[in-house]
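J.: Okay, so here is upload_9.cif, and as you'll see once you scroll down, it has mmCIF, C-alpha atoms and all ligand atoms.
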```cif
data_structure
loop_
_atom_site.group_PDB
_atom_site.id
_atom_site.type_symbol
_atom_site.label_atom_id
_atom_site.label_comp_id
_atom_site.auth_asym_id
_atom_site.auth_seq_id
_atom_site.Cartn_x
_atom_site.Cartn_y
_atom_site.Cartn_z
ATOM 1 C CA MET A 252 24.568 10.906 16.828
ATOM 2 C CA THR A 253 23.489 14.447 16.136
ATOM 3 C CA ASN A 254 21.242 16.881 17.942
ATOM 4 C CA ASP A 255 19.046 17.372 14.871
ATOM 5 C CA PRO A 256 15.643 16.093 16.062
ATOM 6 C CA LEU A 257 14.727 14.891 12.550
ATOM 7 C CA ILE A 258 17.627 12.443 12.194
ATOM 8 C CA ARG A 259 16.779 9.159 13.893
ATOM 9 C CA PRO A 260 18.836 5.972 14.293
ATOM 10 C CA ILE A 261 18.228 3.430 11.476
ATOM 11 C CA PRO A 262 14.898 1.763 12.375
ATOM 12 C CA GLU A 263 15.358 -1.851 13.494
ATOM 13 C CA HIS A 264 12.436 -3.282 11.517
ATOM 14 C CA ILE A 265 13.715 -2.352 8.038
ATOM 15 C CA GLU A 266 15.438 -4.929 5.797
ATOM 16 C CA ASP A 267 17.956 -4.928 2.899
ATOM 17 C CA ARG A 268 16.820 -6.179 -0.513
ATOM 18 C CA PRO A 269 18.702 -6.991 -3.754
ATOM 19 C CA LYS A 270 19.107 -4.030 -6.141
ATOM 20 C CA ALA A 271 16.583 -5.612 -8.522
ATOM 21 C CA ALA A 272 13.869 -4.859 -5.956
ATOM 22 C CA ALA A 273 14.085 -1.150 -6.864
ATOM 23 C CA ALA A 274 12.144 -1.825 -10.073
ATOM 24 C CA ARG A 275 9.333 -3.499 -8.129
ATOM 25 C CA LEU A 276 9.225 -0.599 -5.712
ATOM 26 C CA LEU A 277 8.867 1.799 -8.622
ATOM 27 C CA ILE A 278 6.320 -0.060 -10.723
ATOM 28 C CA GLY A 279 2.701 0.393 -9.773
ATOM 29 C CA GLY A 280 1.430 2.717 -12.479
ATOM 30 C CA PRO A 281 -1.159 1.221 -14.805
ATOM 31 C CA VAL A 282 0.133 -1.742 -16.787
ATOM 32 C CA VAL A 283 -0.302 -1.307 -20.550
ATOM 33 C CA LEU A 284 -0.626 -3.664 -23.476
ATOM 34 C CA LEU A 285 1.841 -2.412 -26.044
ATOM 35 C CA THR A 286 0.782 -3.072 -29.620
ATOM 36 C CA SER A 287 3.250 -2.872 -32.489
ATOM 37 C CA ALA A 288 3.199 -3.733 -36.180
ATOM 38 C CA TRP A 289 5.688 -4.213 -38.987
ATOM 39 C CA ARG A 290 5.229 -5.495 -42.528
ATOM 40 C CA GLY A 291 1.679 -6.728 -41.980
ATOM 41 C CA ARG A 292 2.457 -8.565 -38.706
ATOM 42 C CA THR A 293 1.170 -7.275 -35.392
ATOM 43 C CA ASN A 294 2.216 -8.015 -31.839
ATOM 44 C CA VAL A 295 1.122 -7.236 -28.285
ATOM 45 C CA MET A 296 3.019 -7.421 -24.984
ATOM 46 C CA PRO A 297 2.268 -6.214 -21.450
ATOM 47 C CA LEU A 298 4.593 -3.448 -20.282
ATOM 48 C CA ALA A 299 5.010 -1.957 -16.819
ATOM 49 C CA TRP A 300 8.206 0.035 -17.301
ATOM 50 C CA HIS A 301 6.973 3.300 -18.761
ATOM 51 C CA MET A 302 7.127 6.933 -17.762
ATOM 52 C CA PRO A 303 6.049 10.382 -18.951
ATOM 53 C CA ILE A 304 9.150 12.501 -19.647
ATOM 54 C CA SER A 305 7.943 15.805 -21.183
ATOM 55 C CA THR A 306 4.752 17.853 -21.317
ATOM 56 C CA ASP A 307 5.863 20.196 -24.102
ATOM 57 C CA PRO A 308 6.121 18.461 -26.433
ATOM 58 C CA PRO A 309 4.220 15.548 -24.838
ATOM 59 C CA MET A 310 6.654 12.617 -24.635
ATOM 60 C CA LEU A 311 7.050 9.325 -22.826
ATOM 61 C CA ALA A 312 9.653 6.565 -22.565
ATOM 62 C CA ILE A 313 9.357 2.787 -22.359
ATOM 63 C CA ALA A 314 11.952 0.166 -21.457
ATOM 64 C CA VAL A 315 11.736 -3.035 -23.493
ATOM 65 C CA GLU A 316 14.108 -5.917 -22.852
ATOM 66 C CA ARG A 317 16.385 -6.595 -25.855
ATOM 67 C CA SER A 318 15.175 -10.148 -26.449
ATOM 68 C CA ARG A 319 11.490 -9.180 -26.782
ATOM 69 C CA HIS A 320 10.004 -9.567 -30.233
ATOM 70 C CA THR A 321 8.420 -6.171 -29.573
ATOM 71 C CA ALA A 322 11.873 -4.543 -29.343
ATOM 72 C CA GLU A 323 12.718 -5.814 -32.806
ATOM 73 C CA ILE A 324 9.420 -4.602 -34.292
ATOM 74 C CA ILE A 325 9.697 -1.111 -32.774
ATOM 75 C CA GLN A 326 13.259 -0.739 -34.016
ATOM 76 C CA HIS A 327 11.900 -1.258 -37.543
ATOM 77 C CA SER A 328 8.574 0.563 -37.321
ATOM 78 C CA GLN A 329 9.682 3.375 -34.964
ATOM 79 C CA GLU A 330 6.197 3.534 -33.458
ATOM 80 C CA PHE A 331 3.834 1.740 -31.083
ATOM 81 C CA ALA A 332 0.565 2.120 -29.172
ATOM 82 C CA LEU A 333 -0.195 1.753 -25.464
ATOM 83 C CA ASN A 334 -3.576 0.190 -24.607
ATOM 84 C CA PHE A 335 -4.745 0.387 -20.970
ATOM 85 C CA PRO A 336 -6.430 -2.889 -19.919
ATOM 86 C CA THR A 337 -8.950 -3.166 -17.074
ATOM 87 C CA ARG A 338 -10.037 -6.024 -14.747
ATOM 88 C CA PRO A 339 -11.732 -8.175 -17.415
ATOM 89 C CA LEU A 340 -8.374 -8.479 -19.247
ATOM 90 C CA LEU A 341 -6.373 -9.574 -16.166
ATOM 91 C CA HIS A 342 -5.713 -13.135 -17.385
ATOM 92 C CA HIS A 343 -5.082 -11.976 -20.946
ATOM 93 C CA VAL A 344 -2.375 -9.636 -19.658
ATOM 94 C CA GLN A 345 -0.577 -12.447 -17.870
ATOM 95 C CA TYR A 346 -0.923 -14.782 -20.863
ATOM 96 C CA LEU A 347 0.349 -12.160 -23.318
ATOM 97 C CA GLY A 348 3.400 -11.708 -21.091
ATOM 98 C CA ALA A 349 4.230 -15.406 -21.309
ATOM 99 C CA MET A 350 4.146 -15.708 -25.130
ATOM 100 C CA HIS A 351 6.596 -14.469 -27.726
ATOM 101 C CA GLY A 352 5.272 -12.741 -30.792
ATOM 102 C CA ASP A 353 7.861 -14.310 -33.084
ATOM 103 C CA ARG A 354 6.387 -17.753 -32.332
ATOM 104 C CA VAL A 355 2.676 -17.020 -31.998
ATOM 105 C CA ASP A 356 0.335 -14.379 -33.368
ATOM 106 C CA LYS A 357 -0.935 -13.220 -29.970
ATOM 107 C CA ILE A 358 -3.776 -11.061 -31.255
ATOM 108 C CA GLU A 359 -5.050 -13.987 -33.327
ATOM 109 C CA ALA A 360 -4.564 -16.444 -30.435
ATOM 110 C CA THR A 361 -6.462 -14.309 -27.925
ATOM 111 C CA GLN A 362 -9.120 -13.161 -30.412
ATOM 112 C CA LEU A 363 -8.793 -9.654 -28.998
ATOM 113 C CA GLU A 364 -10.790 -7.203 -31.096
ATOM 114 C CA THR A 365 -8.926 -4.238 -32.529
ATOM 115 C CA PHE A 366 -9.823 -0.919 -34.118
ATOM 116 C CA GLN A 367 -8.084 1.579 -36.383
ATOM 117 C CA PRO A 368 -5.456 3.841 -34.792
ATOM 118 C CA GLN A 369 -5.317 7.564 -35.683
ATOM 119 C CA LYS A 370 -1.595 8.124 -36.249
ATOM 120 C CA VAL A 371 0.312 4.843 -36.161
ATOM 121 C CA ILE A 372 -0.025 1.457 -37.856
ATOM 122 C CA ALA A 373 -0.152 -0.677 -34.697
ATOM 123 C CA PRO A 374 -3.793 -1.678 -34.031
ATOM 124 C CA LEU A 375 -5.654 -0.522 -30.895
ATOM 125 C CA LEU A 376 -7.277 -3.106 -28.584
ATOM 126 C CA ALA A 377 -11.011 -2.536 -28.249
ATOM 127 C CA ALA A 378 -11.428 -4.038 -24.761
ATOM 128 C CA CYS A 379 -9.182 -1.386 -23.180
ATOM 129 C CA ALA A 380 -10.008 1.885 -21.401
ATOM 130 C CA ALA A 381 -7.500 4.299 -22.964
ATOM 131 C CA TRP A 382 -5.079 4.415 -25.881
ATOM 132 C CA VAL A 383 -1.874 6.374 -26.484
ATOM 133 C CA GLU A 384 -0.225 6.331 -29.912
ATOM 134 C CA CYS A 385 3.496 7.105 -30.058
ATOM 135 C CA THR A 386 6.242 7.743 -32.600
ATOM 136 C CA VAL A 387 9.813 6.986 -31.574
ATOM 137 C CA VAL A 388 12.361 9.828 -31.616
ATOM 138 C CA GLU A 389 15.277 8.221 -29.800
ATOM 139 C CA VAL A 390 16.472 4.670 -29.159
ATOM 140 C CA MET A 391 18.888 4.163 -26.275
ATOM 141 C CA PRO A 392 20.242 0.700 -25.433
ATOM 142 C CA LEU A 393 20.716 0.716 -21.643
ATOM 143 C CA GLY A 394 21.835 -2.443 -19.815
ATOM 144 C CA ASP A 395 19.702 -5.372 -20.965
ATOM 145 C CA HIS A 396 16.793 -3.105 -22.009
ATOM 146 C CA ILE A 397 16.257 -0.602 -24.793
ATOM 147 C CA LEU A 398 14.797 2.763 -23.865
ATOM 148 C CA PHE A 399 12.474 4.023 -26.573
ATOM 149 C CA VAL A 400 11.826 7.746 -26.235
ATOM 150 C CA ALA A 401 8.662 8.726 -28.067
ATOM 151 C CA LEU A 402 6.455 11.663 -28.995
ATOM 152 C CA ILE A 403 2.799 11.205 -28.116
ATOM 153 C CA ALA A 404 0.847 11.373 -31.368
ATOM 154 C CA ALA A 405 -2.731 10.730 -30.187
ATOM 155 C CA VAL A 406 -4.625 9.970 -26.979
ATOM 156 C CA GLN A 407 -8.123 8.506 -26.689
ATOM 157 C CA VAL A 408 -10.024 7.471 -23.555
ATOM 158 C CA ASP A 409 -13.226 5.762 -22.532
ATOM 159 C CA PRO A 410 -14.966 8.477 -20.430
ATOM 160 C CA GLU A 411 -16.389 5.736 -18.163
ATOM 161 C CA SER A 412 -12.824 5.188 -16.934
ATOM 162 C CA PHE A 413 -11.071 8.511 -17.337
ATOM 163 C CA ASP A 414 -12.010 12.217 -17.421
ATOM 164 C CA ASP A 415 -9.127 14.445 -16.250
ATOM 165 C CA GLY A 416 -7.691 11.462 -14.419
ATOM 166 C CA TRP A 417 -8.673 7.863 -13.612
ATOM 167 C CA ILE A 418 -12.206 7.995 -12.226
ATOM 168 C CA LEU A 419 -12.066 4.786 -10.146
ATOM 169 C CA GLY A 420 -15.694 3.891 -10.812
ATOM 170 C CA PRO A 421 -16.858 0.255 -11.044
ATOM 171 C CA GLU A 422 -13.994 -2.247 -10.770
ATOM 172 C CA GLU A 423 -14.235 -3.352 -14.403
ATOM 173 C CA THR A 424 -13.561 0.232 -15.535
ATOM 174 C CA ARG A 425 -10.385 0.758 -13.467
ATOM 175 C CA PRO A 426 -6.839 0.253 -14.775
ATOM 176 C CA LEU A 427 -4.729 -2.698 -13.646
ATOM 177 C CA HIS A 428 -1.573 -2.088 -11.647
ATOM 178 C CA TYR A 429 1.231 -4.632 -11.787
ATOM 179 C CA LEU A 430 3.003 -5.661 -8.583
ATOM 180 C CA GLY A 431 5.341 -8.279 -10.101
ATOM 181 C CA GLY A 432 5.053 -12.054 -10.678
ATOM 182 C CA THR A 433 1.358 -12.825 -11.145
ATOM 183 C CA ARG A 434 0.136 -10.107 -8.755
ATOM 184 C CA TYR A 435 -1.935 -7.123 -9.815
ATOM 185 C CA SER A 436 -3.967 -4.522 -7.993
ATOM 186 C CA PHE A 437 -6.503 -1.724 -8.442
ATOM 187 C CA LEU A 438 -6.574 1.737 -6.999
ATOM 188 C CA SER A 439 -9.517 1.652 -4.607
ATOM 189 C CA ARG A 440 -10.374 5.247 -3.738
ATOM 190 C CA VAL A 441 -9.384 8.843 -4.221
ATOM 191 C CA VAL A 442 -8.201 10.939 -1.274
ATOM 192 C CA GLU A 443 -7.767 14.702 -1.524
ATOM 193 C CA ALA A 444 -4.774 16.405 0.091
ATOM 194 C CA ARG A 445 -5.346 19.743 1.795
ATOM 195 C CA VAL A 446 -3.116 22.460 0.414
ATOM 196 C CA PRO A 447 -1.742 24.938 2.971
ATOM 197 C CA GLN A 448 -2.566 28.595 2.149
ATOM 198 C CA ALA A 449 0.207 31.100 1.372
ATOM 199 C CA ALA A 450 -0.146 32.653 4.842
ATOM 200 C CA ASP A 451 0.323 29.305 6.614
ATOM 201 C CA ALA A 452 3.699 27.963 7.632
ATOM 202 C CA PRO A 453 3.795 24.752 5.536
ATOM 203 C CA GLU A 454 6.111 22.810 7.871
ATOM 204 C CA ARG A 455 3.900 23.491 10.885
ATOM 205 C CA ILE A 456 0.700 22.597 8.957
ATOM 206 C CA LEU A 457 2.243 19.368 7.659
ATOM 207 C CA ARG A 458 3.435 18.401 11.130
ATOM 208 C CA GLU A 459 -0.051 19.038 12.548
ATOM 209 C CA ARG A 460 -1.749 17.038 9.776
ATOM 210 C CA LEU A 461 0.630 14.119 10.281
ATOM 211 C CA ALA A 462 0.003 14.147 14.039
ATOM 212 C CA GLU A 463 -3.752 14.253 13.314
ATOM 213 C CA GLU A 464 -3.551 11.276 10.944
ATOM 214 C CA LEU A 465 -1.416 9.245 13.358
ATOM 215 C CA GLU A 466 -3.834 10.009 16.190
ATOM 216 C CA LEU A 467 -6.771 8.865 14.040
ATOM 217 C CA THR A 468 -4.995 5.652 13.101
ATOM 218 C CA LYS A 469 -4.070 4.919 16.721
ATOM 219 C CA ASP A 470 -7.610 5.626 17.851
ATOM 220 C CA ALA A 471 -9.054 3.249 15.226
ATOM 221 C CA ARG A 472 -6.529 0.563 16.205
ATOM 222 C CA ASP A 473 -7.359 0.898 19.927
ATOM 223 C CA LYS A 474 -11.093 0.676 19.257
ATOM 224 C CA ARG A 475 -10.627 -2.422 17.098
ATOM 225 C CA GLU A 476 -8.503 -4.099 19.806
ATOM 226 C CA GLU A 477 -11.186 -3.327 22.384
ATOM 227 C CA ARG A 478 -13.915 -4.812 20.188
ATOM 228 C CA LEU A 479 -11.856 -7.922 19.460
ATOM 229 C CA ASP A 480 -11.107 -8.447 23.173
ATOM 230 C CA ALA A 481 -14.810 -8.168 24.017
ATOM 231 C CA LEU A 482 -15.688 -10.651 21.271
ATOM 232 C CA LYS A 483 -12.991 -13.046 22.435
ATOM 233 C CA ARG A 484 -14.405 -12.977 25.977
ATOM 234 C CA GLU A 485 -17.894 -13.714 24.626
ATOM 235 C CA VAL A 486 -16.612 -16.647 22.541
ATOM 236 C CA GLU A 487 -14.740 -18.050 25.548
ATOM 237 C CA ALA A 488 -17.865 -17.756 27.665
ATOM 238 C CA GLY A 489 -19.808 -19.635 24.968
ATOM 239 C CA ARG A 490 -22.122 -16.707 24.330
ATOM 240 C CA ALA A 491 -20.919 -15.966 20.769
ATOM 241 C CA LEU A 492 -19.945 -18.008 17.753
ATOM 242 C CA ASP A 493 -16.296 -18.187 16.652
ATOM 243 C CA LEU A 494 -16.312 -17.457 12.914
ATOM 244 C CA THR A 495 -12.572 -17.627 12.420
ATOM 245 C CA GLY A 496 -12.727 -21.251 11.212
ATOM 246 C CA LEU A 497 -15.168 -20.390 8.423
ATOM 247 C CA GLU A 498 -13.700 -19.561 5.034
ATOM 248 C CA LEU A 499 -15.253 -16.226 4.265
ATOM 249 C CA GLU A 500 -14.062 -14.782 0.985
ATOM 250 C CA ILE A 501 -13.860 -11.063 1.464
ATOM 251 C CA SER A 502 -11.961 -8.975 -1.041
ATOM 252 C CA PRO A 503 -10.147 -5.801 0.074
ATOM 253 C CA GLU A 504 -13.007 -4.009 -1.695
ATOM 254 C CA HIS A 505 -15.582 -5.538 0.615
ATOM 255 C CA VAL A 506 -14.175 -5.223 4.085
ATOM 256 C CA LEU A 507 -16.671 -6.297 6.742
ATOM 257 C CA ASP A 508 -18.000 -3.243 8.524
ATOM 258 C CA LEU A 509 -18.757 -4.253 12.096
ATOM 259 C CA THR A 510 -19.275 -0.761 13.426
ATOM 260 C CA HIS A 511 -23.055 -1.113 13.542
ATOM 261 C CA GLY A 512 -23.081 -4.630 14.968
ATOM 262 C CA HIS A 513 -22.719 -5.471 18.632
ATOM 263 C CA VAL A 514 -21.145 -8.299 20.515
ATOM 264 C CA LEU A 515 -23.655 -11.003 21.445
ATOM 265 C CA GLY A 516 -24.552 -10.845 25.097
ATOM 266 C CA GLU A 517 -23.894 -7.117 25.293
ATOM 267 C CA PRO A 518 -26.779 -4.692 25.479
ATOM 268 C CA PRO A 519 -27.468 -3.113 22.034
ATOM 269 C CA ARG A 520 -25.643 0.146 21.366
ATOM 270 C CA GLU A 521 -27.576 3.388 21.274
HETATM 271 C C1 LIG A 601 2.436 -7.337 -16.303
HETATM 272 C C2 LIG A 601 3.708 -7.478 -17.094
HETATM 273 C C3 LIG A 601 4.523 -6.380 -17.303
HETATM 274 C C4 LIG A 601 5.686 -6.495 -18.071
HETATM 275 N N1 LIG A 601 6.466 -5.392 -18.266
HETATM 276 C C5 LIG A 601 7.538 -5.481 -19.092
HETATM 277 C C6 LIG A 601 8.315 -4.315 -19.382
HETATM 278 O O1 LIG A 601 8.061 -3.224 -18.879
HETATM 279 N N2 LIG A 601 9.380 -4.453 -20.220
HETATM 280 C C7 LIG A 601 9.707 -5.652 -20.796
HETATM 281 O O2 LIG A 601 10.668 -5.726 -21.562
HETATM 282 N N3 LIG A 601 8.986 -6.775 -20.523
HETATM 283 C C8 LIG A 601 7.892 -6.705 -19.711
HETATM 284 N N4 LIG A 601 7.142 -7.815 -19.456
HETATM 285 C C9 LIG A 601 7.502 -9.075 -20.115
HETATM 286 C C10 LIG A 601 6.984 -9.153 -21.569
HETATM 287 O O3 LIG A 601 5.673 -8.678 -21.661
HETATM 288 C C11 LIG A 601 7.030 -10.599 -22.054
HETATM 289 O O4 LIG A 601 8.361 -11.038 -22.067
HETATM 290 C C12 LIG A 601 6.397 -10.796 -23.405
HETATM 291 O O5 LIG A 601 6.212 -12.172 -23.618
HETATM 292 C C13 LIG A 601 7.229 -10.227 -24.542
HETATM 293 O O6 LIG A 601 6.525 -10.465 -25.735
HETATM 294 P P1 LIG A 601 7.188 -10.363 -27.189
HETATM 295 O O7 LIG A 601 8.425 -11.235 -27.179
HETATM 296 O O8 LIG A 601 6.122 -10.857 -28.096
HETATM 297 O O9 LIG A 601 7.511 -8.924 -27.410
HETATM 298 C C14 LIG A 601 6.016 -7.738 -18.661
HETATM 299 C C15 LIG A 601 5.199 -8.858 -18.424
HETATM 300 C C16 LIG A 601 4.058 -8.738 -17.650
HETATM 301 C C17 LIG A 601 3.185 -9.932 -17.422
#
```
Kindly transcribe the structure held in the file into structure tokens.

T.:
Amino acid sequence: MTNDPLIRPIPEHIEDRPKAAAARLLIGGPVVLLTSAWRGRTNVMPLAWHMPISTDPPMLAIAVERSRHTAEIIQHSQEFALNFPTRPLLHHVQYLGAMHGDRVDKIEATQLETFQPQKVIAPLLAACAAWVECTVVEVMPLGDHILFVALIAAVQVDPESFDDGWILGPEETRPLHYLGGTRYSFLSRVVEARVPQAADAPERILRERLAEELELTKDARDKREERLDALKREVEAGRALDLTGLELEISPEHVLDLTHGHVLGEPPRE
């Protein structure tokens, strides 16, 4: 043990995971549909392992497993395009990740509409929200994947989805985020961080903000517990209906807001 107040004992609730779990912790950026083409044949595969690596010149890298048909095509063509799918393409994404382009023409099979790219040969998928065309500058076999390092040759976006960043407007305009297996998610809202001014002591400000946030969370939790206890008492006394047996389908987007309701039997709130 040390006297440093910031070093705590290892928390009891945390668990070990296999090393492979690191990739699932890291993924979460928008999943893309990677299109590629070589000698008149096109292919498309979902890809979650991508990252920006340079702003000047603009570059990114993708990791494609060696056995993918896509890996073979890119090694020949030295280029590809990233298409950013949204909610309506959810099932297409999963399907395209289960098929191999050497056995089936996936663009033909899914009837996905395409349009002309600006700089590469690989077609762009019309139903997407943004498109990034890339030319490969380095190919690095690493473990069972191949890292393709690429220059960004063109970027196009649908302004309904993206201005300077993802807008997070209507669900069908938001990008899909891959969580692994068959699970995907959306970003649901934007929160703005407050930036401490030069004159402020950043550590103190951060500590205060954290304490503030924790206090807010605790307060909300306490209030919820109180409301639930009151409701439970009303149900037990037969004065309110127990809805827990009903199958209400509420998505995370549509959380029930009970703040303006009141427990049956209680006088209405002011
Ligand atoms: C959402 C999702 C993300 C994926 N991300 C990757 C990835 O980053 N790299 C990779 O090699 N395979 C990834 N895969 C698997 C390939 O997309 C899948 O094996 C596909 O069938 C390969 O197609 P191909 O053989 O036609 O290239 C992903 C699959 C899904 C469903």

J.: Record the distance separating atom CA of Met310 of chain A and atom CA of Ala332 of chain A, expressed in Å with one decimal.

T.: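 It comes out at 13.0 Å.
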
J.: Kindly resolve the PyMOL selection byres (((chain A and resi 394) around 12) and not hetatm) on the present coordinates and return the residues as a short mmCIF file (atom, residue, chain, number, x, y, z; two decimals) with C-alpha atoms, in the frame of the given file.

T.:
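Contents of out.cif, freshly written:
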```cif
data_model
loop_
_atom_site.label_atom_id
_atom_site.label_comp_id
_atom_site.auth_asym_id
_atom_site.auth_seq_id
_atom_site.Cartn_x
_atom_site.Cartn_y
_atom_site.Cartn_z
CA ALA A 314 11.95 0.17 -21.46
CA VAL A 315 11.74 -3.04 -23.49
CA GLU A 316 14.11 -5.92 -22.85
CA ARG A 317 16.39 -6.60 -25.86
CA MET A 391 18.89 4.16 -26.28
CA PRO A 392 20.24 0.70 -25.43
CA LEU A 393 20.72 0.72 -21.64
CA ASP A 395 19.70 -5.37 -20.96
CA HIS A 396 16.79 -3.10 -22.01
CA ILE A 397 16.26 -0.60 -24.79
CA LEU A 398 14.80 2.76 -23.86
#
```

J.: Please expand the PyMOL selection byres (((chain A and resi 365) around 7) and not hetatm) into the concrete residues it hits in this file, giving the result as number ranges by chain.

T.: A: 363-364, 366, 374-377

J.: Could you list, as a PyMOL selection string, all residues that come within 9 Å of ligand LIG 601 (chain A)? Count all atoms listed in the file.

T.: chain A and resi 278+282-285+287+294-301+313-324+344-357+396-397+427-435

J.: Report, in Å to a single decimal, how far apart atom CA of Pro308 of chain A and atom CA of Pro410 of chain A are.

T.: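 Separating atom CA of Pro410 of chain A from atom CA of Pro308 of chain A is a distance of 24.1 Å.
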